>>> print(open('target.txt').read())   # compact mmCIF, C-alpha atoms
# COMPACT_ATOMS: atom_id res chain seq x y z
CA MET A 1 156.49 144.25 96.95
CA GLN A 2 160.13 145.14 96.50
CA LYS A 3 159.18 148.79 96.46
CA THR A 4 157.05 148.48 99.58
CA LEU A 5 159.78 146.65 101.41
CA LEU A 6 162.35 149.22 100.43
CA ALA A 7 160.08 151.98 101.60
CA LEU A 8 159.38 150.10 104.79
CA LEU A 9 163.00 149.54 105.68
CA SER A 10 163.86 153.07 104.74
CA THR A 11 161.05 154.39 106.92
CA THR A 12 162.29 152.35 109.83
CA VAL A 13 165.75 153.79 109.68
CA GLY A 14 164.33 157.26 109.32
CA ILE A 15 162.09 156.83 112.34
CA ALA A 16 164.87 155.29 114.38
CA ALA A 17 167.07 158.26 113.57
CA LEU A 18 164.31 160.66 114.47
CA ILE A 19 163.83 158.95 117.79
CA GLY A 20 167.53 159.33 118.38
CA LEU A 21 167.06 162.98 117.56
CA LYS A 22 164.19 163.18 120.03
CA ALA A 23 166.24 161.62 122.79
CA GLN A 24 169.08 164.03 122.08
CA SER A 25 166.98 167.14 122.06
CA ALA A 26 164.39 166.00 124.60
CA GLY A 27 161.72 167.37 122.28
CA ALA A 28 158.32 165.81 121.74
CA PRO A 29 158.53 162.72 119.57
CA ARG A 30 155.41 163.59 117.68
CA SER A 31 156.70 166.84 116.19
CA ALA A 32 159.75 165.10 114.83
CA LEU A 33 157.67 162.43 113.18
CA ALA A 34 155.67 164.87 111.13
CA GLY A 35 158.59 165.65 108.88
CA PRO A 36 160.46 163.47 106.41
CA SER A 37 163.50 161.55 107.45
CA ALA A 38 166.49 163.79 107.88
CA THR A 39 168.92 161.05 107.01
CA GLY A 40 167.65 160.29 103.55
CA SER A 41 168.81 156.76 104.09
CA SER A 42 168.73 154.14 101.40
CA ALA A 43 168.11 150.90 103.25
CA ALA A 44 168.03 147.87 101.04
CA PRO A 45 166.82 144.37 101.77
CA THR A 46 169.96 142.31 101.77
CA GLY A 47 170.67 139.06 103.50
CA GLY A 48 167.02 138.08 103.56
CA THR A 49 165.99 134.49 103.30
CA ARG A 50 165.19 135.08 99.65
CA ALA A 51 164.27 137.88 97.32
CA PRO A 52 160.72 139.09 97.94
CA GLY A 53 158.33 137.87 95.30
CA SER A 54 154.79 139.05 94.64
CA ALA A 55 153.44 136.83 97.45
CA ALA A 56 156.54 136.70 99.60
CA THR A 57 156.59 134.75 102.82
CA GLY A 58 159.52 134.87 105.18
CA ARG A 59 161.82 137.13 107.10
CA TYR A 60 163.60 139.93 105.31
CA THR A 61 166.47 141.65 106.99
CA GLY A 62 167.45 145.15 106.04
CA ALA A 63 171.06 146.23 105.74
CA ALA A 64 172.62 147.67 108.86
CA GLN A 65 172.46 151.43 108.36
CA ALA A 66 174.80 153.93 109.94
CA THR A 67 172.90 156.97 111.13
CA PRO A 68 174.07 159.95 113.18
CA TYR A 69 172.54 158.22 116.19
CA GLY A 70 173.86 154.73 115.78
CA THR A 71 173.55 151.68 113.62
CA VAL A 72 170.03 150.59 112.83
CA GLN A 73 168.88 147.31 111.38
CA VAL A 74 165.36 145.96 111.10
CA ARG A 75 163.71 142.76 110.00
CA ALA A 76 160.31 142.54 108.35
CA VAL A 77 158.22 139.38 108.50
CA LEU A 78 155.88 138.80 105.58
CA ALA A 79 153.16 136.23 105.07
CA LYS A 80 151.94 135.95 101.49
CA GLY A 81 153.08 139.45 100.73
CA LYS A 82 151.53 140.98 103.86
CA LEU A 83 153.61 142.55 106.57
CA THR A 84 152.93 140.74 109.82
CA ASP A 85 155.75 141.88 112.05
CA VAL A 86 158.75 144.16 112.29
CA THR A 87 161.61 143.75 114.71
CA VAL A 88 164.57 145.96 115.44
CA LEU A 89 167.76 143.91 115.32
CA GLN A 90 170.31 146.61 115.97
CA GLN A 91 170.19 150.07 117.42
CA THR A 92 173.48 150.67 119.08
CA TYR A 93 173.36 154.25 120.27
CA GLY A 94 172.52 154.44 123.95
CA GLY A 95 170.64 151.15 123.96
CA ARG A 96 167.27 152.66 123.25
CA SER A 97 165.82 149.66 121.48
CA SER A 98 162.92 149.59 123.91
CA GLN A 99 162.10 153.16 122.98
CA ILE A 100 162.21 152.21 119.34
CA ASP A 101 159.89 149.33 120.04
CA SER A 102 157.43 151.50 121.88
CA TYR A 103 157.44 154.51 119.57
CA ALA A 104 158.59 153.46 116.15
CA LEU A 105 156.96 150.12 115.63
CA PRO A 106 153.38 151.30 115.91
CA ILE A 107 154.16 154.14 113.53
CA LEU A 108 155.99 151.84 111.19
CA LYS A 109 153.17 149.35 111.18
CA SER A 110 150.62 152.06 110.60
CA GLU A 111 152.65 153.28 107.63
CA ALA A 112 153.03 149.75 106.33
CA LEU A 113 149.33 149.12 106.68
CA LYS A 114 148.57 152.30 104.82
CA ALA A 115 150.92 151.19 102.07
CA GLN A 116 149.53 147.72 101.70
CA SER A 117 145.84 148.01 102.46
CA GLY A 118 144.93 151.63 102.09
CA ARG A 119 144.57 154.03 104.94
CA ILE A 120 143.16 153.26 108.34
CA ASP A 121 141.36 156.12 110.01
CA VAL A 122 141.16 155.10 113.65
CA VAL A 123 142.01 152.26 116.02
CA SER A 124 139.62 150.57 118.43
CA GLY A 125 141.18 148.67 121.31
CA ALA A 126 141.24 148.20 125.06
CA THR A 127 141.01 151.54 126.84
CA TYR A 128 144.46 153.03 127.14
CA THR A 129 145.79 155.28 129.86
CA SER A 130 147.44 158.56 128.88
CA ASP A 131 150.81 156.78 129.02
CA GLY A 132 149.55 153.87 126.99
CA TYR A 133 148.23 156.28 124.38
CA ALA A 134 151.75 157.59 123.73
CA ARG A 135 152.77 154.10 122.61
CA SER A 136 149.58 153.38 120.69
CA LEU A 137 148.88 153.06 117.02
CA GLN A 138 146.19 155.73 117.49
CA ALA A 139 148.86 158.16 118.64
CA ALA A 140 150.82 157.33 115.52
CA LEU A 141 147.77 158.07 113.39
CA ASP A 142 147.14 161.33 115.24
CA THR A 143 150.67 162.55 114.60
CA ALA A 144 151.81 160.96 111.36
CA GLY A 145 150.58 162.20 108.03
CA ARG A 146 148.10 164.73 109.31
CA MET B 147 142.89 164.66 108.11
CA ARG B 148 142.50 167.52 110.57
CA SER B 149 142.78 166.27 114.13
CA ALA B 150 142.60 167.30 117.78
CA VAL B 151 143.63 165.35 120.86
CA GLU B 152 142.65 165.90 124.51
CA HIS B 153 143.45 164.02 127.72
CA ILE B 154 140.16 163.55 129.61
CA MET B 155 138.77 160.87 131.96
CA GLY B 156 142.19 159.31 132.47
CA THR B 157 142.47 158.50 128.78
CA VAL B 158 142.86 160.29 125.47
CA PHE B 159 140.16 161.45 123.06
CA SER B 160 141.15 161.86 119.41
CA LEU B 161 138.95 163.67 116.91
CA ALA B 162 139.66 163.68 113.17
CA VAL B 163 137.84 165.14 110.20
CA PRO B 164 138.65 165.34 106.48
CA ARG B 165 141.35 167.83 105.57
CA GLY B 166 138.92 170.03 103.67
CA THR B 167 136.85 170.78 106.78
CA ASP B 168 136.70 174.48 107.64
CA ALA B 169 139.25 175.17 110.37
CA GLU B 170 137.00 177.43 112.44
CA VAL B 171 134.03 175.07 112.23
CA PHE B 172 136.30 172.24 113.32
CA ARG B 173 137.80 174.20 116.21
CA ALA B 174 134.41 175.31 117.52
CA ALA B 175 132.94 171.82 117.26
CA ALA B 176 135.98 170.22 118.90
CA ASP B 177 135.91 172.79 121.72
CA ALA B 178 132.24 172.09 122.39
CA ALA B 179 132.72 168.32 122.37
CA PHE B 180 135.79 168.35 124.61
CA ALA B 181 134.13 170.82 127.00
CA HIS B 182 131.18 168.46 127.29
CA LEU B 183 133.47 165.50 128.00
CA ARG B 184 135.24 167.45 130.75
CA HIS B 185 131.85 168.37 132.21
CA VAL B 186 130.79 164.71 132.22
CA ASP B 187 134.06 163.79 133.90
CA ALA B 188 133.42 166.34 136.66
CA VAL B 189 129.90 165.05 137.30
CA PHE B 190 130.56 161.32 136.96
CA SER B 191 134.11 160.72 138.13
CA PRO B 192 134.30 158.35 141.11
CA PHE B 193 137.79 159.71 141.73
CA ARG B 194 136.49 163.16 142.68
CA PRO B 195 134.99 163.10 146.18
CA ASP B 196 132.60 165.96 145.36
CA SER B 197 131.27 164.49 142.09
CA ALA B 198 127.62 163.48 141.87
CA VAL B 199 128.66 159.86 141.41
CA SER B 200 130.76 159.93 144.58
CA LEU B 201 127.79 161.41 146.45
CA ILE B 202 125.54 158.64 145.08
CA ALA B 203 128.08 155.98 146.04
CA ASP B 204 128.23 157.45 149.54
CA GLY B 205 124.44 157.43 149.81
CA VAL B 206 124.32 161.22 150.15
CA LEU B 207 122.55 161.69 146.80
CA THR B 208 119.64 159.49 145.69
CA SER B 209 117.52 159.43 142.55
CA ASP B 210 114.78 161.18 144.53
CA ASP B 211 117.07 164.21 144.63
CA PHE B 212 117.80 164.24 140.89
CA ASP B 213 114.89 166.48 139.95
CA ASP B 214 116.41 169.30 142.00
CA HIS B 215 119.97 168.54 140.91
CA PRO B 216 121.57 170.80 138.27
CA HIS B 217 122.62 167.69 136.31
CA GLY B 218 119.62 165.57 137.25
CA ALA B 219 118.65 164.77 133.65
CA GLU B 220 122.11 163.41 132.91
CA LEU B 221 122.15 161.42 136.13
CA HIS B 222 118.77 159.89 135.29
CA GLU B 223 120.03 159.00 131.83
CA VAL B 224 123.23 157.31 133.02
CA LEU B 225 121.48 155.38 135.78
CA GLY B 226 118.88 154.28 133.23
CA LEU B 227 121.66 153.09 130.93
CA CYS B 228 123.33 151.22 133.80
CA ARG B 229 120.03 149.53 134.70
CA ARG B 230 119.50 148.52 131.08
CA LEU B 231 123.05 147.10 130.74
CA LYS B 232 122.63 145.14 133.98
CA HIS B 233 119.32 143.75 132.76
CA ASP B 234 120.56 142.95 129.23
CA SER B 235 123.61 141.13 130.54
CA GLY B 236 121.89 139.22 133.30
CA GLY B 237 124.04 141.03 135.86
CA ALA B 238 127.40 140.58 134.12
CA PHE B 239 127.53 144.37 133.87
CA ASP B 240 126.54 145.74 137.27
CA ALA B 241 127.41 149.35 138.04
CA TRP B 242 126.19 148.81 141.61
CA ALA B 243 128.68 146.01 142.33
CA VAL B 244 132.02 147.38 141.17
CA GLY B 245 135.20 146.76 143.16
CA ASN B 246 135.78 145.27 146.57
CA PRO B 247 133.78 146.02 148.64
CA PRO B 248 131.20 146.31 145.88
CA GLY B 249 130.00 149.84 145.31
CA PHE B 250 128.35 152.11 142.75
CA ASP B 251 130.65 153.05 139.86
CA PRO B 252 129.14 153.76 136.44
CA CYS B 253 132.57 154.29 134.76
CA GLY B 254 132.02 151.29 132.49
CA ALA B 255 129.02 153.03 130.94
CA VAL B 256 129.90 156.72 131.16
CA LYS B 257 132.71 157.03 128.63
CA GLY B 258 130.80 155.50 125.71
CA TRP B 259 127.67 157.42 126.64
CA ALA B 260 129.61 160.68 126.89
CA ALA B 261 131.37 160.12 123.57
CA GLU B 262 128.03 159.39 121.88
CA ARG B 263 126.72 162.72 123.23
CA ALA B 264 129.92 164.50 122.18
CA GLY B 265 129.33 163.15 118.68
CA THR B 266 125.85 164.68 118.68
CA LEU B 267 127.41 168.02 119.61
CA LEU B 268 129.89 167.73 116.72
CA VAL B 269 127.02 167.33 114.27
CA ARG B 270 125.16 170.23 115.86
CA HIS B 271 128.25 172.37 115.34
CA GLY B 272 128.33 171.59 111.65
CA LEU B 273 130.65 168.60 111.27
CA ASP B 274 129.10 166.25 108.74
CA ARG B 275 131.98 163.78 108.75
CA TYR B 276 134.12 162.87 111.73
CA VAL B 277 135.80 160.06 113.61
CA LEU B 278 135.96 160.33 117.40
CA ASN B 279 138.11 157.91 119.38
CA ALA B 280 137.30 157.79 123.10
CA GLY B 281 140.39 156.02 124.39
CA GLY B 282 139.83 153.01 122.13
CA ASP B 283 136.04 153.23 121.75
CA VAL B 284 135.17 154.77 118.42
CA ARG B 285 132.22 156.73 116.99
CA VAL B 286 132.28 157.50 113.27
CA HIS B 287 129.85 159.69 111.34
CA GLY B 288 129.24 160.67 107.74
CA GLY B 289 130.98 157.87 105.90
CA VAL B 290 129.27 156.59 102.77
CA PRO B 291 129.09 153.00 101.54
CA GLY B 292 131.66 153.63 98.80
CA ASP B 293 133.96 155.54 101.15
CA PRO B 294 133.47 154.25 104.70
CA TRP B 295 135.64 154.93 107.71
CA ARG B 296 138.27 152.24 108.19
CA VAL B 297 138.39 151.21 111.81
CA ALA B 298 141.38 149.07 112.76
CA LEU B 299 140.94 146.64 115.66
CA ALA B 300 144.01 146.46 117.87
CA ASP B 301 145.70 143.10 118.31
CA PRO B 302 145.61 142.44 122.08
CA HIS B 303 148.76 140.34 121.92
CA ARG B 304 150.98 142.47 119.70
CA PRO B 305 151.16 146.13 120.74
CA GLY B 306 150.87 148.42 117.74
CA ALA B 307 149.64 145.69 115.43
CA VAL B 308 146.22 145.44 113.81
CA LEU B 309 144.01 142.38 114.06
CA ALA B 310 141.47 143.36 111.43
CA VAL B 311 139.95 146.39 109.75
CA LEU B 312 136.23 147.13 109.89
CA HIS B 313 134.54 149.31 107.30
CA VAL B 314 131.89 151.42 109.00
CA ALA B 315 130.07 154.35 107.40
CA GLU B 316 128.10 155.35 110.49
CA GLY B 317 128.07 154.10 114.06
CA ALA B 318 130.18 152.79 116.89
CA VAL B 319 133.03 150.34 117.39
CA ALA B 320 133.74 149.65 121.08
CA THR B 321 136.46 147.38 122.40
CA SER B 322 137.02 146.15 125.95
CA GLY B 323 140.11 144.21 126.84
CA VAL B 324 142.89 143.43 129.23
CA SER B 325 145.87 144.43 127.08
CA GLU B 326 146.20 148.05 128.21
CA ARG B 327 145.31 148.02 131.92
CA GLY B 328 145.47 144.35 132.83
CA ALA B 329 142.57 142.24 134.06
CA HIS B 330 140.55 145.08 135.59
CA ILE B 331 137.09 143.74 134.79
CA PHE B 332 135.46 141.46 137.32
CA ASP B 333 132.47 139.23 136.94
CA PRO B 334 130.15 140.55 139.66
CA ILE B 335 128.40 137.19 139.99
CA SER B 336 131.48 135.09 140.73
CA GLY B 337 133.73 137.93 141.88
CA ARG B 338 136.50 136.49 139.71
CA ARG B 339 138.67 138.38 137.31
CA ALA B 340 137.34 138.09 133.80
CA ALA B 341 140.10 136.23 131.97
CA ALA B 342 138.43 133.79 129.59
CA TRP B 343 138.70 136.33 126.78
CA ASP B 344 141.35 138.98 126.31
CA GLN B 345 139.33 141.33 124.12
CA VAL B 346 135.78 141.90 122.93
CA THR B 347 134.69 144.31 120.19
CA VAL B 348 131.05 145.28 119.62
CA THR B 349 129.89 147.39 116.68
CA GLY B 350 126.49 148.94 116.02
CA PRO B 351 124.71 152.29 115.84
CA ASP B 352 125.14 153.59 119.41
CA LEU B 353 128.44 153.85 121.28
CA ALA B 354 126.87 153.82 124.75
CA LEU B 355 125.32 150.39 124.12
CA ALA B 356 128.25 148.99 122.14
CA ASP B 357 130.69 149.98 124.91
CA GLY B 358 128.48 148.62 127.69
CA TRP B 359 127.83 145.35 125.91
CA ALA B 360 131.53 144.85 125.08
CA THR B 361 132.42 145.35 128.75
CA ALA B 362 129.58 143.06 129.83
CA ALA B 363 130.69 140.33 127.42
CA LEU B 364 134.25 140.39 128.75
CA ALA B 365 132.95 139.99 132.31
CA MET B 366 130.37 137.38 131.31
CA ALA B 367 132.93 135.19 129.53
CA GLY B 368 134.96 135.07 132.75
CA GLY B 369 131.90 134.14 134.84
CA PRO B 370 129.68 131.10 135.21
CA ARG B 371 128.29 131.39 131.69
CA GLY B 372 131.78 131.20 130.26
CA PRO B 373 132.77 131.85 126.63
CA ALA B 374 130.11 129.48 125.25
CA GLY B 375 127.24 131.22 127.05
CA THR B 376 128.65 134.62 126.13
CA ARG B 377 128.88 133.69 122.45
CA GLY B 378 125.20 132.78 122.57
CA TRP B 379 124.36 136.08 124.25
CA LEU B 380 126.29 138.07 121.64
CA GLN B 381 124.56 136.16 118.83
CA ARG B 382 121.21 137.10 120.39
CA LEU B 383 122.24 140.77 120.59
CA ALA B 384 123.14 140.56 116.90
CA ALA B 385 119.78 139.01 116.03
CA ASP B 386 117.71 141.34 118.22
CA HIS B 387 119.56 144.64 117.83
CA GLY B 388 121.93 144.31 114.87
CA TYR B 389 125.10 144.78 116.92
CA GLN B 390 127.94 142.50 115.76
CA ALA B 391 130.80 141.25 117.92
CA MET B 392 134.28 139.77 117.85
CA ALA B 393 136.13 138.10 120.74
CA VAL B 394 139.80 137.17 121.08
CA ASP B 395 140.86 134.53 123.61
CA PRO B 396 144.23 134.34 125.40
CA ASP B 397 145.59 132.03 122.69
CA GLY B 398 144.76 134.56 120.00
CA GLN B 399 141.81 132.57 118.66
CA VAL B 400 139.21 134.86 117.14
CA TRP B 401 135.47 134.32 117.27
CA THR B 402 132.88 136.55 115.56
CA THR B 403 129.14 136.77 115.19
CA ASP B 404 128.02 135.74 111.71
CA GLY B 405 127.27 139.30 110.63
CA MET B 406 130.67 140.58 111.77
CA ARG B 407 132.43 138.78 108.95
CA GLU B 408 130.71 140.98 106.38
CA LEU B 409 132.24 144.07 108.00
CA LEU B 410 135.79 142.71 108.16
CA HIS B 411 138.11 143.79 105.41
CA GLU B 412 141.41 142.38 106.55
CA PRO B 413 140.48 138.76 107.21
CA ALA B 414 144.02 137.73 106.25
CA ALA B 415 145.17 139.38 109.45
CA LEU B 416 143.17 136.86 111.43
CA VAL B 417 145.56 134.03 110.64
CA THR B 418 148.46 135.91 112.20
CA THR B 419 146.96 136.51 115.62
CA GLY B 420 148.91 133.90 117.55
CA ARG B 421 150.44 135.28 120.71
CA LYS B 422 154.06 136.21 120.27
CA GLY B 423 156.91 136.49 122.74
>>> encode(input="target.txt", output="structure tokens")
Amino acid sequence: MQKTLLALLSTTVGIAALIGLKAQSAGAPRSALAGPSATGSSAAPTGGTRAPGSAATGRYTGAAQATPYGTVQVRAVLAKGKLTDVTVLQQTYGGRSSQIDSYALPILKSEALKAQSGRIDVVSGATYTSDGYARSLQAALDTAGR
Amino acid sequence: MRSAVEHIMGTVFSLAVPRGTDAEVFRAAADAAFAHLRHVDAVFSPFRPDSAVSLIADGVLTSDDFDDHPHGAELHEVLGLCRRLKHDSGGAFDAWAVGNPPGFDPCGAVKGWAAERAGTLLVRHGLDRYVLNAGGDVRVHGGVPGDPWRVALADPHRPGAVLAVLHVAEGAVATSGVSERGAHIFDPISGRRAAAWDQVTVTGPDLALADGWATAALAMAGGPRGPAGTRGWLQRLAADHGYQAMAVDPDGQVWTTDGMRELLHEPAALVTTGRKG
């Protein structure tokens, strides 16, 4: 669990940084996401409600991480060891938290799901528009890890 | 996974196959499938004034003309599907009463039907294992019981989150809902927006039927029969045809047919579906 959480928080910071990179370079977000995090950050779960156990339940807050694109901090919510939600607490550069919500969280959750319950191959849901697709978990699957 | 993505019919189609699939076989199969989907869009789009569907809606083209029409066989097939869905659903799905004023629009049936046909083309071009996502409606092929495809169902109340994961070796998983485009489905009997349920998923062998029935159930639940009558209808579909269903209401409460539970592999996720924020 500790390992998963560490990986999760680390992934978040990496994705947040990459989105910062995307906004800077105006490149496509998906190409940036294919590669590993450029920051090599080492986020650690500190200040959580308690140390994650094997069937942890609660909110775990990652350390605020300085990245080239601002300070990033995330919180993971676990129920009996399962990730149920992720929120971005801090992302100071340019106030792009909404972009992080729309792009990073689906990717993050897809990665977390892969880590905790094996891969998922595809997502069925209400029919999305082309714009909605860009924010969808399916888009994350199409671009991440393939 | 090897994947390809195309924007067609106002949505996005995603195709994925195992990494070991031959690149040229994959490319040729994907090209054929996407070309077919673009062709269907040209013939059936109500947004193109010169499409066959627009001509039907305007009364310029009738089924008597189909035999001489270059795409008459496809038109017959789609109209037959629309008639069947209207009959099955007791009018909750009615391609002849879409919008205000009511008019002919088979959109609710065409995408699933087209994706099912695209899947047939993929097999014909040599793909023995694929997953095709038609904007949220999924057709998988070539999974085996020990290694099925894992189809996540989107949580209608938490963008990017997963409600449950279905294991499906072969067949369709179609979802209709209000989370992406708002309450766009109307019950043709009452004329009201369908709002009793936020999302319906239907899974079974054929994507055309699964998609049509999911759309019909969403409309039916918002109509006079309400969620209780719709649950009964979905249970009958399960008994008669083997298609299983799941519905999510605006409070995040999940209901499934009995057989659906055997396909669910993330039941823990179901306890976390309460609407947030």
>>> atom_distance(input="target.txt", atom1="CA of Gly156 (chain B)", atom2="CA of Glu326 (chain B)")
12.7 Å
>>> closest_atom_pairs(input="target.txt", of="chain A", to="chain B", cutoff="6 Å", atoms="only C-alpha atoms", output="Markdown table")
| residue | atom | partner | partner_atom | distance |
| --- | --- | --- | --- | --- |
| A:Pro106 | CA | B:Gly306 | CA | 4.2 |
| A:Ile120 | CA | B:Arg296 | CA | 5.0 |
| A:Asp121 | CA | B:Arg296 | CA | 5.3 |
| A:Val122 | CA | B:Val297 | CA | 5.1 |
| A:Val123 | CA | B:Ala298 | CA | 4.6 |
| A:Ser124 | CA | B:Gly282 | CA | 4.4 |
| A:Gly125 | CA | B:Gly282 | CA | 4.6 |
| A:Ala126 | CA | B:Gly323 | CA | 4.5 |
| A:Thr127 | CA | B:Gly282 | CA | 5.1 |
| A:Tyr128 | CA | B:Glu326 | CA | 5.4 |
| A:Thr129 | CA | B:Thr157 | CA | 4.7 |
| A:Ser130 | CA | B:Thr157 | CA | 5.0 |
| A:Ser136 | CA | B:Gly306 | CA | 5.9 |
| A:Leu137 | CA | B:Gly306 | CA | 5.1 |
| A:Arg146 | CA | B:Met147 | CA | 5.3 |
>>> axis_aligned_box(input="target.txt", around="region 288-302 of chain B", padding_each_side="6 Å", output="AutoDock Vina command-line options")
--center_x 137.4 --center_y 151.6 --center_z 110.4 --size_x 28.6 --size_y 30.2 --size_z 35.3
>>> residues_around(input="target.txt", residues="region 170-174 of chain B", least_positions_apart="3", cutoff="8 Å", atoms="all atoms listed in the file", output="CSV table (one decimal) with C-alpha atoms, in the coordinates of the input")
chain,number,residue,atom,x,y,z
B,163,VAL,CA,137.8,165.1,110.2
B,167,THR,CA,136.8,170.8,106.8
B,177,ASP,CA,135.9,172.8,121.7
B,178,ALA,CA,132.2,172.1,122.4
B,271,HIS,CA,128.2,172.4,115.3
B,272,GLY,CA,128.3,171.6,111.6
B,273,LEU,CA,130.6,168.6,111.3
>>> residues_near_point(input="target.txt", point="(119.6, 160.0, 133.2)", cutoff="12 Å", atoms="only C-alpha atoms", output="PyMOL selection string")
chain B and resi 190+209+212-213+215+217-230+252+255-256+259-260
>>> atom_distance(input="target.txt", atom1="CA of Pro192 (chain B)", atom2="CA of Gly236 (chain B)")
24.1 Å
>>> atom_distance(input="target.txt", atom1="CA of Trp379 (chain B)", atom2="CA of Ala241 (chain B)")
19.4 Å
>>> residues_around(input="target.txt", residues="Val348 (chain B)", least_positions_apart="4", cutoff="10 Å", atoms="only C-alpha atoms", output="PyMOL selection string")
chain B and resi 283+318-322+353+355-361+363+380+383-384+389-393+402-403+406
